[in-house]
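Enquirer: What follows is work23.txt; its format and atoms are compact mmCIF, C-alpha atoms.
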# COMPACT_ATOMS: atom_id res chain seq x y z
CA GLY M 1059 95.35 28.45 177.26
CA ARG M 1060 94.80 28.52 173.62
CA ALA M 1061 92.88 31.88 173.51
CA ALA M 1062 95.76 33.62 175.30
CA TRP M 1063 98.15 33.16 172.36
CA ILE M 1064 95.57 33.56 169.50
CA THR M 1065 94.77 37.20 170.32
CA PRO M 1066 98.44 38.38 170.22
CA LEU M 1067 99.01 36.30 167.07
CA LEU M 1068 95.97 37.85 165.37
CA LEU M 1069 97.12 41.35 166.30
CA LEU M 1070 100.61 40.57 164.96
CA LEU M 1071 99.15 39.32 161.65
CA LEU M 1072 96.93 42.38 161.29
CA ALA M 1073 99.85 44.72 161.98
CA ALA M 1074 102.09 42.87 159.47
CA CYS M 1075 99.53 42.87 156.65
CA PRO M 1076 99.53 45.96 154.52
CA HIS M 1077 96.23 47.73 154.82
CA SER M 1078 94.70 49.48 151.87
CA GLU M 1079 93.80 53.13 152.17
CA ALA M 1080 91.20 54.79 149.99
CA ALA M 1081 92.67 55.56 146.59
CA ASP M 1082 93.37 59.22 145.89
CA PHE M 1083 90.55 60.97 144.07
CA VAL M 1084 92.06 62.15 140.79
CA VAL M 1085 90.64 64.86 138.54
CA THR M 1086 92.40 65.40 135.21
CA THR M 1087 91.82 66.77 131.73
CA GLY M 1088 92.73 65.34 128.36
CA LYS M 1089 93.67 68.77 126.97
CA PRO M 1090 95.26 71.19 129.46
CA SER M 1091 95.60 73.85 126.76
CA GLN M 1092 93.53 74.60 123.66
CA SER M 1093 93.56 77.24 120.95
CA VAL M 1094 90.39 77.82 118.91
CA SER M 1095 89.16 80.46 116.47
CA GLU M 1096 86.67 83.09 117.55
CA GLY M 1097 83.09 82.00 116.75
CA SER M 1098 83.79 78.27 117.08
CA SER M 1099 82.82 75.81 119.83
CA VAL M 1100 85.23 74.14 122.21
CA ASP M 1101 84.95 71.15 124.57
CA LEU M 1102 86.69 71.36 127.94
CA GLY M 1103 86.94 67.92 129.51
CA CYS M 1104 87.06 67.11 133.20
CA LEU M 1105 87.86 63.44 133.90
CA PHE M 1106 87.19 61.65 137.21
CA GLN M 1107 85.54 58.54 138.66
CA SER M 1108 82.56 59.20 140.92
CA THR M 1109 79.03 57.87 141.28
CA ASN M 1110 77.90 61.08 142.97
CA PRO M 1111 80.11 64.06 142.00
CA VAL M 1112 79.50 67.65 143.05
CA LEU M 1113 80.87 69.78 140.24
CA LYS M 1114 81.96 73.42 140.01
CA TRP M 1115 83.63 75.17 137.05
CA THR M 1116 85.21 78.61 137.32
CA PHE M 1117 86.72 80.92 134.71
CA ARG M 1118 89.63 83.31 135.36
CA ASP M 1119 90.03 85.92 132.61
CA ARG M 1120 93.16 87.85 131.61
CA GLU M 1121 92.45 90.52 134.25
CA ASP M 1122 92.24 87.83 137.01
CA SER M 1123 88.49 88.27 137.38
CA ILE M 1124 86.77 84.98 138.34
CA THR M 1125 83.34 83.95 137.05
CA LEU M 1126 81.31 80.93 138.14
CA VAL M 1127 80.41 78.81 135.09
CA VAL M 1128 78.93 75.72 136.75
CA PHE M 1129 77.77 75.46 140.36
CA GLU M 1130 76.67 72.18 141.96
CA GLY M 1131 76.49 70.60 138.50
CA GLU M 1132 74.29 73.31 136.90
CA LEU M 1133 75.25 76.02 134.42
CA THR M 1134 74.99 79.52 135.89
CA ALA M 1135 72.67 82.10 134.29
CA VAL M 1136 75.57 83.79 132.47
CA TYR M 1137 76.40 80.56 130.61
CA LYS M 1138 72.92 78.94 130.28
CA ASN M 1139 72.40 80.05 126.67
CA ARG M 1140 75.94 79.57 125.40
CA ALA M 1141 77.22 76.40 127.02
CA GLU M 1142 76.18 72.84 127.76
CA LEU M 1143 77.36 70.23 130.24
CA THR M 1144 77.44 66.53 129.31
CA GLY M 1145 78.91 63.34 130.78
CA GLY M 1146 78.47 60.78 133.52
CA SER M 1147 80.34 59.04 136.34
CA SER M 1148 83.70 59.17 134.49
CA GLY M 1149 83.71 62.91 133.88
CA ARG M 1150 81.98 65.94 132.44
CA THR M 1151 82.50 68.00 129.30
CA LEU M 1152 81.80 71.70 129.26
CA ARG M 1153 81.05 72.84 125.69
CA LEU M 1154 81.34 76.57 125.09
CA LYS M 1155 79.56 77.72 121.94
CA ASN M 1156 80.41 80.69 119.74
CA VAL M 1157 83.48 81.64 121.80
CA THR M 1158 84.76 85.20 121.79
CA ARG M 1159 88.09 86.77 122.73
CA SER M 1160 86.68 87.41 126.23
CA ASP M 1161 86.54 83.61 126.76
CA THR M 1162 90.36 83.47 126.72
CA GLY M 1163 91.67 82.43 130.14
CA GLU M 1164 91.90 79.61 132.66
CA TYR M 1165 89.03 77.22 133.35
CA THR M 1166 89.08 75.15 136.55
CA CYS M 1167 86.94 72.08 137.16
CA ASP M 1168 86.51 71.35 140.89
CA VAL M 1169 84.96 68.02 141.83
CA VAL M 1170 83.98 66.62 145.22
CA ASP M 1171 83.21 62.90 145.34
CA LYS M 1172 80.18 62.86 147.67
CA PRO M 1173 80.56 59.26 148.90
CA SER M 1174 84.19 59.74 150.02
CA LEU M 1175 84.24 63.57 150.39
CA GLN M 1176 87.54 63.58 148.50
CA ALA M 1177 88.15 66.46 146.12
CA GLY M 1178 90.30 67.34 143.14
CA GLU M 1179 90.64 69.89 140.38
CA ALA M 1180 91.86 70.20 136.81
CA LYS M 1181 92.92 73.44 135.13
CA MET M 1182 92.65 74.20 131.43
CA GLN M 1183 93.92 77.15 129.40
CA LEU M 1184 91.81 78.42 126.52
CA ILE M 1185 93.13 80.83 123.90
CA VAL M 1186 90.56 82.23 121.51
CA LYS M 1187 92.40 83.26 118.36
CA VAL M 1188 91.29 86.49 116.69
CA LYS M 1189 92.69 87.69 113.37
CA PRO M 1190 94.47 91.02 113.56
CA SER M 1191 92.84 94.09 112.12
CA THR M 1192 94.81 96.65 110.12
CA PRO M 1193 97.35 98.18 112.52
CA ILE M 1194 97.44 101.90 113.20
CA MET M 1195 100.73 103.75 112.72
CA ILE M 1196 101.43 106.56 115.17
CA VAL M 1197 104.08 108.85 113.70
CA PRO M 1198 105.01 112.39 114.80
CA GLN M 1199 104.12 115.14 112.28
CA SER M 1200 107.62 116.56 112.43
CA VAL M 1201 110.96 115.74 114.06
CA THR M 1202 114.04 117.91 114.48
CA THR M 1203 117.20 116.39 112.97
CA GLY M 1204 119.18 114.64 115.70
CA SER M 1205 116.19 114.41 118.06
CA PRO M 1206 114.58 111.11 118.96
CA ALA M 1207 111.38 110.16 117.14
CA GLU M 1208 108.93 107.60 118.46
CA LEU M 1209 107.12 105.46 115.90
CA LYS M 1210 104.41 103.08 117.10
CA CYS M 1211 102.38 100.37 115.46
CA VAL M 1212 99.17 99.53 117.37
CA GLU M 1213 96.70 96.69 116.87
CA LYS M 1214 94.23 95.91 119.67
CA ASP M 1215 91.97 93.18 118.23
CA ALA M 1216 94.26 90.20 117.68
CA SER M 1217 94.55 87.32 120.11
CA PRO M 1218 97.24 86.34 120.78
CA PRO M 1219 98.78 89.82 120.28
CA PRO M 1220 100.68 90.16 117.00
CA GLN M 1221 104.42 90.66 116.71
CA PHE M 1222 105.51 93.47 114.40
CA LYS M 1223 108.52 93.65 112.12
CA TRP M 1224 109.92 97.02 111.13
CA TYR M 1225 111.47 97.83 107.75
CA LYS M 1226 113.51 100.79 106.51
CA ASP M 1227 113.77 101.20 102.75
CA LYS M 1228 112.41 97.64 102.29
CA THR M 1229 115.13 96.17 104.55
CA LEU M 1230 114.09 94.33 107.71
CA MET M 1231 115.46 96.16 110.73
CA PRO M 1232 117.51 93.76 112.91
CA VAL M 1233 116.96 93.42 116.66
CA ASP M 1234 120.48 94.82 117.18
CA PRO M 1235 121.01 97.89 114.95
CA LYS M 1236 124.81 97.50 115.18
CA SER M 1237 124.57 94.16 113.31
CA LEU M 1238 123.96 95.88 109.93
CA GLN M 1239 126.03 98.84 108.70
CA MET M 1240 123.03 100.76 107.34
CA PHE M 1241 121.44 100.79 110.85
CA ALA M 1242 124.67 101.33 112.85
CA ASN M 1243 123.82 104.97 113.68
CA LEU M 1244 120.28 104.15 114.88
CA THR M 1245 119.02 103.24 118.32
CA TYR M 1246 115.64 101.62 118.87
CA THR M 1247 113.76 99.15 121.04
Would it be possible to restate this file's structure as structure tokens?

Expert:
Amino acid sequence: GRAAWITPLLLLLLAACPHSEAADFVVTTGKPSQSVSEGSSVDLGCLFQSTNPVLKWTFRDREDSITLVVFEGELTAVYKNRAELTGGSSGRTLRLKNVTRSDTGEYTCDVVDKPSLQAGEAKMQLIVKVKPSTPIMIVPQSVTTGSPAELKCVEKDASPPPQFKWYKDKTLMPVDPKSLQMFANLTYT
């Protein structure tokens, strides 16, 4: 009777109704890239929604070496005295204090939402700016006329690395020596 047609009808209604799946767990950052001066502090933000997050931060330096900064929500020994972690269920902020040029690199915030076991990550680039020191000129003591001479200007402290401009007799040397008559007979890179 009546029960025979209710069950198929109920199944049809359930199949026709859109069912909601768990929303994707999203981890983002407000600032994916930051530049700060050496000696200053910087805040790296990791934004998410979770009542019970498990948090891990890693740092990848310019040589691709990876260091653990935060593990299971706690600062590692290397960072204990020079960083702090603040925030709540909507995210965490990692504050690095007195940054140095060796802090330049990529920071990754990995978060697992314990209730749902969903995970996400946000990556941030940090550039610690360092003023250049006086460059060192490397010039050969003597050169035979018509032979190539290699002149170098070296500066190893600055971050990001400086760009040098070369001058001859107070005239800026163009990228293409053929573009100015006075440099037409020169070749350089």

Enquirer: Between CA of Lys1189 (chain M) and CA of Arg1140 (chain M), what is the distance, to one decimal in Å?

Expert: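 One can read the CA of Lys1189 (chain M) to CA of Arg1140 (chain M) distance as 22.2 Å.
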
Enquirer: Identify which of the residues M:Ser1098, M:Thr1125, M:Gln1107, M:Gln1221 lies closest to Ser1174 (chain M), counting only C-alpha atoms when measuring atom-to-atom distances.

Expert: M:Gln1107

Enquirer: Identify which of the residues M:Pro1218, M:Gly1163, M:Pro1198, M:Pro1232 lies closest to Ser1091 (chain M), counting all atoms listed in the file when measuring atom-to-atom distances.

Expert: M:Gly1163

Enquirer: Closest to Phe1117 (chain M) among M:Asp1168, M:Asp1227, M:Glu1213, M:Glu1132, using all atoms listed in the file?

Expert: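 Distance minimum relative to Phe1117 (chain M) lands on M:Asp1168.
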
Enquirer: Take the point (102.7, 98.8, 112.1) in the file's coordinates, draw a sphere of radius 6 Å around it, and report as an MDAnalysis selection string every protein, DNA or RNA residue with an atom inside or on it, counting only C-alpha atoms.

Expert: chainID M and resid 1193 1195 1211

Enquirer: Neighbouring residues of region 1157-1160 of chain M were defined as those with any atom within 8 Å, considering only C-alpha atoms; residues of the same chain fewer than 6 positions away were excluded. Please report them as a list in words.

Expert: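 The neighbour list is Ser1095, Glu1096, Gly1097, Ser1098, Ser1099, Val1100, Asp1119, Ile1185, Val1186, Lys1187, Val1188 and Ser1217 of chain M.
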
Enquirer: Please provide the set of residues having any atom within 9 Å of Phe1129 (chain M), restricted to all atoms listed in the file, with same-chain residues fewer than 3 positions apart removed, written as an mmCIF file with C-alpha atoms, in the coordinates of the input.

Expert:
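Below you can see result-v5.cif, which holds the result:
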data_model
loop_
_atom_site.group_PDB
_atom_site.id
_atom_site.type_symbol
_atom_site.label_atom_id
_atom_site.label_comp_id
_atom_site.auth_asym_id
_atom_site.auth_seq_id
_atom_site.Cartn_x
_atom_site.Cartn_y
_atom_site.Cartn_z
ATOM 1 C CA VAL M 1112 79.500 67.650 143.050
ATOM 2 C CA LEU M 1113 80.870 69.780 140.240
ATOM 3 C CA LYS M 1114 81.960 73.420 140.010
ATOM 4 C CA TRP M 1115 83.630 75.170 137.050
ATOM 5 C CA THR M 1116 85.210 78.610 137.320
ATOM 6 C CA LEU M 1126 81.310 80.930 138.140
ATOM 7 C CA GLU M 1132 74.290 73.310 136.900
ATOM 8 C CA LEU M 1133 75.250 76.020 134.420
ATOM 9 C CA THR M 1134 74.990 79.520 135.890
#

Enquirer: Check the smallest atom-to-atom distance from each of M:Ala1177, M:Leu1244, M:Val1170, M:Leu1102 to Leu1143 (chain M) using only C-alpha atoms, then report the winner.

Expert: M:Leu1102

Enquirer: Please compute the CA of Gln1176 (chain M)-CA of Asp1122 (chain M) distance, one decimal, in Å.

Expert: 27.2 Å

Enquirer: To one decimal place, how far is CA of Pro1111 (chain M) from CA of Val1169 (chain M) in Å?

Expert: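 CA of Pro1111 (chain M) sits 6.3 Å away from CA of Val1169 (chain M).
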
Enquirer: List as a compact mmCIF listing (two decimals) with C-alpha atoms, in the frame of the given file the protein and nucleic acid residues near Asn1139 (chain M), meaning an atom at most 12 Å away when all atoms listed in the file are counted, but skip any in the same chain fewer than 2 places from it.

Expert:
# COMPACT_ATOMS: atom_id res chain seq x y z
CA VAL M 1127 80.41 78.81 135.09
CA LEU M 1133 75.25 76.02 134.42
CA THR M 1134 74.99 79.52 135.89
CA ALA M 1135 72.67 82.10 134.29
CA VAL M 1136 75.57 83.79 132.47
CA TYR M 1137 76.40 80.56 130.61
CA ALA M 1141 77.22 76.40 127.02
CA GLU M 1142 76.18 72.84 127.76
CA LEU M 1143 77.36 70.23 130.24
CA ARG M 1153 81.05 72.84 125.69
CA LEU M 1154 81.34 76.57 125.09
CA LYS M 1155 79.56 77.72 121.94
CA ASN M 1156 80.41 80.69 119.74

Enquirer: Pick from M:Thr1245, M:Leu1152, M:Pro1220, M:Ser1123: nearest to Gly1204 (chain M), with only C-alpha atoms counted?

Expert: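 Among the listed residues, M:Thr1245 lies closest to Gly1204 (chain M).
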
Enquirer: Is it possible to get the axis-aligned box enclosing region 1240-1246 of chain M (all listed atoms, 4 Å extra per side) as lines of an AutoDock Vina configuration file, with centre and edge lengths in Å rounded to one decimal?

Expert:
center_x = 120.2
center_y = 102.9
center_z = 113.1
size_x = 17.0
size_y = 12.2
size_z = 19.5

Enquirer: Can you tell me which residues surround region 1082-1090 of chain M at a distance of at most 10 Å, considering all atoms listed in the file, apart from same-chain residues fewer than 2 positions away, and format the answer as number ranges by chain?

Expert: M: 1079-1080, 1092, 1101-1108, 1148-1151, 1164-1165, 1167-1171, 1174-1184

Enquirer: Could the residues in this selection be saved with C-alpha atoms as a CSV table (one decimal), keeping the file's coordinate frame?

Expert:
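Written output follows (result24.csv):
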chain,number,residue,atom,x,y,z
M,1079,GLU,CA,93.8,53.1,152.2
M,1080,ALA,CA,91.2,54.8,150.0
M,1092,GLN,CA,93.5,74.6,123.7
M,1101,ASP,CA,85.0,71.2,124.6
M,1102,LEU,CA,86.7,71.4,127.9
M,1103,GLY,CA,86.9,67.9,129.5
M,1104,CYS,CA,87.1,67.1,133.2
M,1105,LEU,CA,87.9,63.4,133.9
M,1106,PHE,CA,87.2,61.6,137.2
M,1107,GLN,CA,85.5,58.5,138.7
M,1108,SER,CA,82.6,59.2,140.9
M,1148,SER,CA,83.7,59.2,134.5
M,1149,GLY,CA,83.7,62.9,133.9
M,1150,ARG,CA,82.0,65.9,132.4
M,1151,THR,CA,82.5,68.0,129.3
M,1164,GLU,CA,91.9,79.6,132.7
M,1165,TYR,CA,89.0,77.2,133.4
M,1167,CYS,CA,86.9,72.1,137.2
M,1168,ASP,CA,86.5,71.4,140.9
M,1169,VAL,CA,85.0,68.0,141.8
M,1170,VAL,CA,84.0,66.6,145.2
M,1171,ASP,CA,83.2,62.9,145.3
M,1174,SER,CA,84.2,59.7,150.0
M,1175,LEU,CA,84.2,63.6,150.4
M,1176,GLN,CA,87.5,63.6,148.5
M,1177,ALA,CA,88.2,66.5,146.1
M,1178,GLY,CA,90.3,67.3,143.1
M,1179,GLU,CA,90.6,69.9,140.4
M,1180,ALA,CA,91.9,70.2,136.8
M,1181,LYS,CA,92.9,73.4,135.1
M,1182,MET,CA,92.6,74.2,131.4
M,1183,GLN,CA,93.9,77.2,129.4
M,1184,LEU,CA,91.8,78.4,126.5
